[in-house]
Structure formats: C-alpha cells, structure tokens
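So the structure is just underneath, and the comments pick up after that.
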Amino acid sequence: MRWDSDSFKYSFGANYQHTERLVLRAGVAYETDATTNTNREPRIPGGVRTWISTGFGYKICDNSQIDFAYAHL
C-alpha cells in the first residue's frame with residue numbers, strides 16, 4: 001500500500017471560566033489523512049474529518065473536580 005501525501009491536524013480550543021467552580025470548554029479540529037480513495041478499504045477508513053467538541057469542568061471542593069467532554073466526528 002502506498003500513501004502519496006502527509007497527514008495534518010489543525011485545531012483550536014478555548015476555555016471560559018464562567019464561575020470560580022465552573023469552566024466551559026469548546027473546540028474544533030480539521031484532520032486530513034494520507035489514505036486516498038484508491039487505497040481505502042473497510043479496515044483503513046481514513047479520509048478527512050472535522051471534529052467539534054464541548055465540555056465542562058466543575059470543582060466540587062478544593063481537591064476534587066469532575067470533567068465531562070464530548071467530541072463529534
């Protein structure tokens with residue numbers, strides 16, 4: 001199998017400190033793969049992907065925090 005190009009991933013994310021205990025997060029990413037349509041198969045899906053993600057962190061007390069995140073490809 002031969003790949004004719006490189007893989008790249010560009011991403012941007014941000015945190016927003018809403019309160020002293022709550023931080024909100026969001027991000028977006030664009031990823032390319034070296035797999036072309038001529039050598040793609042079910043075992044090697046490859047291709048171009050766009051990621052959108054969101055999440056939050058909540059500080060329960062001084063030494064405990066809970067984090068939640070979701071990413072959609």
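Identifiers in the structure tokens: chain A, B, ... in order shown; residue index from 1 per chain; ligand index from 1 in order shown.
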(message) Quick one: residues within 7 Å of stretch 59-67 of chain A, only C-alpha atoms, excluding same-chain residues fewer than 3 positions away - as a ChimeraX atom specification?
(response) /A:21-22,56
Write the selection just made, keeping all heavy atoms, as a CSV table (one decimal), in the first residue's frame?
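The resulting selection38.csv:
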```csv
chain,number,residue,atom,x,y,z
A,21,ARG,N,-16.0,28.0,40.2
A,21,ARG,CA,-16.1,26.5,40.2
A,21,ARG,C,-16.3,25.9,38.8
A,21,ARG,O,-16.0,24.7,38.6
A,21,ARG,CB,-17.2,26.0,41.1
A,21,ARG,CG,-16.8,26.3,42.6
A,21,ARG,CD,-18.0,25.7,43.4
A,21,ARG,NE,-17.6,25.9,44.8
A,21,ARG,CZ,-17.6,24.9,45.7
A,21,ARG,NH1,-18.1,23.7,45.3
A,21,ARG,NH2,-17.2,25.0,46.9
A,22,LEU,N,-16.9,26.6,37.9
A,22,LEU,CA,-17.3,26.1,36.6
A,22,LEU,C,-16.5,26.6,35.4
A,22,LEU,O,-16.4,27.9,35.3
A,22,LEU,CB,-18.8,26.4,36.3
A,22,LEU,CG,-19.4,25.9,35.0
A,22,LEU,CD1,-19.4,24.4,35.0
A,22,LEU,CD2,-20.8,26.4,34.8
A,56,PHE,N,-17.1,20.6,30.0
A,56,PHE,CA,-17.1,21.5,31.2
A,56,PHE,C,-16.3,20.8,32.3
A,56,PHE,O,-16.2,19.6,32.3
A,56,PHE,CB,-18.5,21.9,31.7
A,56,PHE,CG,-19.3,20.7,32.2
A,56,PHE,CD1,-19.2,20.4,33.6
A,56,PHE,CD2,-20.1,20.0,31.4
A,56,PHE,CE1,-20.0,19.4,34.1
A,56,PHE,CE2,-20.9,18.9,32.0
A,56,PHE,CZ,-20.8,18.6,33.3
```
(message) Need to verify the contact set: stretch 7-15 of chain A, 6 Å, only C-alpha atoms, exclusion of same-chain residues closer than 3 positions in sequence. Can you return it as a list in words?
(response) Leu24, Arg25, Ala26, Gly27, Val28, Ala29, Tyr30, Glu31, Thr32, Asp33 and Ala34 of chain A
Could you turn the residues from that selection into a file that holds N, CA and C atoms, as a PDB file, in the first residue's frame?
```pdb
ATOM      1  N   LEU A  24     -16.094  26.228  31.186  1.00  0.00           N
ATOM      2  CA  LEU A  24     -16.707  25.715  29.970  1.00  0.00           C
ATOM      3  C   LEU A  24     -15.642  25.594  28.886  1.00  0.00           C
ATOM      4  N   ARG A  25     -15.736  24.543  28.070  1.00  0.00           N
ATOM      5  CA  ARG A  25     -14.720  24.288  27.038  1.00  0.00           C
ATOM      6  C   ARG A  25     -15.384  24.006  25.698  1.00  0.00           C
ATOM      7  N   ALA A  26     -14.726  24.417  24.621  1.00  0.00           N
ATOM      8  CA  ALA A  26     -15.214  24.131  23.267  1.00  0.00           C
ATOM      9  C   ALA A  26     -14.020  24.085  22.321  1.00  0.00           C
ATOM     10  N   GLY A  27     -14.177  23.368  21.231  1.00  0.00           N
ATOM     11  CA  GLY A  27     -13.094  23.283  20.266  1.00  0.00           C
ATOM     12  C   GLY A  27     -13.554  22.749  18.935  1.00  0.00           C
ATOM     13  N   VAL A  28     -12.714  22.947  17.939  1.00  0.00           N
ATOM     14  CA  VAL A  28     -12.960  22.446  16.596  1.00  0.00           C
ATOM     15  C   VAL A  28     -11.622  22.000  16.016  1.00  0.00           C
ATOM     16  N   ALA A  29     -11.650  20.953  15.202  1.00  0.00           N
ATOM     17  CA  ALA A  29     -10.424  20.448  14.586  1.00  0.00           C
ATOM     18  C   ALA A  29     -10.727  19.970  13.167  1.00  0.00           C
ATOM     19  N   TYR A  30      -9.724  20.052  12.316  1.00  0.00           N
ATOM     20  CA  TYR A  30      -9.801  19.578  10.937  1.00  0.00           C
ATOM     21  C   TYR A  30      -8.616  18.657  10.721  1.00  0.00           C
ATOM     22  N   GLU A  31      -8.885  17.426  10.299  1.00  0.00           N
ATOM     23  CA  GLU A  31      -7.841  16.423  10.170  1.00  0.00           C
ATOM     24  C   GLU A  31      -7.860  15.821   8.762  1.00  0.00           C
ATOM     25  N   THR A  32      -6.687  15.716   8.156  1.00  0.00           N
ATOM     26  CA  THR A  32      -6.550  15.042   6.866  1.00  0.00           C
ATOM     27  C   THR A  32      -5.759  13.763   7.070  1.00  0.00           C
ATOM     28  N   ASP A  33      -5.939  12.837   6.176  1.00  0.00           N
ATOM     29  CA  ASP A  33      -5.268  11.550   6.272  1.00  0.00           C
ATOM     30  C   ASP A  33      -4.536  11.268   4.965  1.00  0.00           C
ATOM     31  N   ALA A  34      -3.513  10.470   5.042  1.00  0.00           N
ATOM     32  CA  ALA A  34      -2.722  10.139   3.858  1.00  0.00           C
ATOM     33  C   ALA A  34      -3.400   9.101   2.971  1.00  0.00           C
TER      34      ALA A  34
END
```
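Taking atom CA of A:Val23 and atom CA of A:Gly57 as endpoints, the distance between them is 5.2 Å.
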(request) Could you jot down the atom CA of A:Ile52 to atom CA of A:Tyr70 separation for me, Å, one decimal place? (result) 8.4 Å
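If you look at atom CA of A:Ser53 and atom CA of A:Asp6, they are 24.3 Å away from each other.
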(message) For the structure I just gave you, how does DSSP split chain A - specifically, which residues are strand (DSSP E or B)? Reply as a ChimeraX atom specification.
(response) /A:8-17,22-32,41,44,49-61,64-72
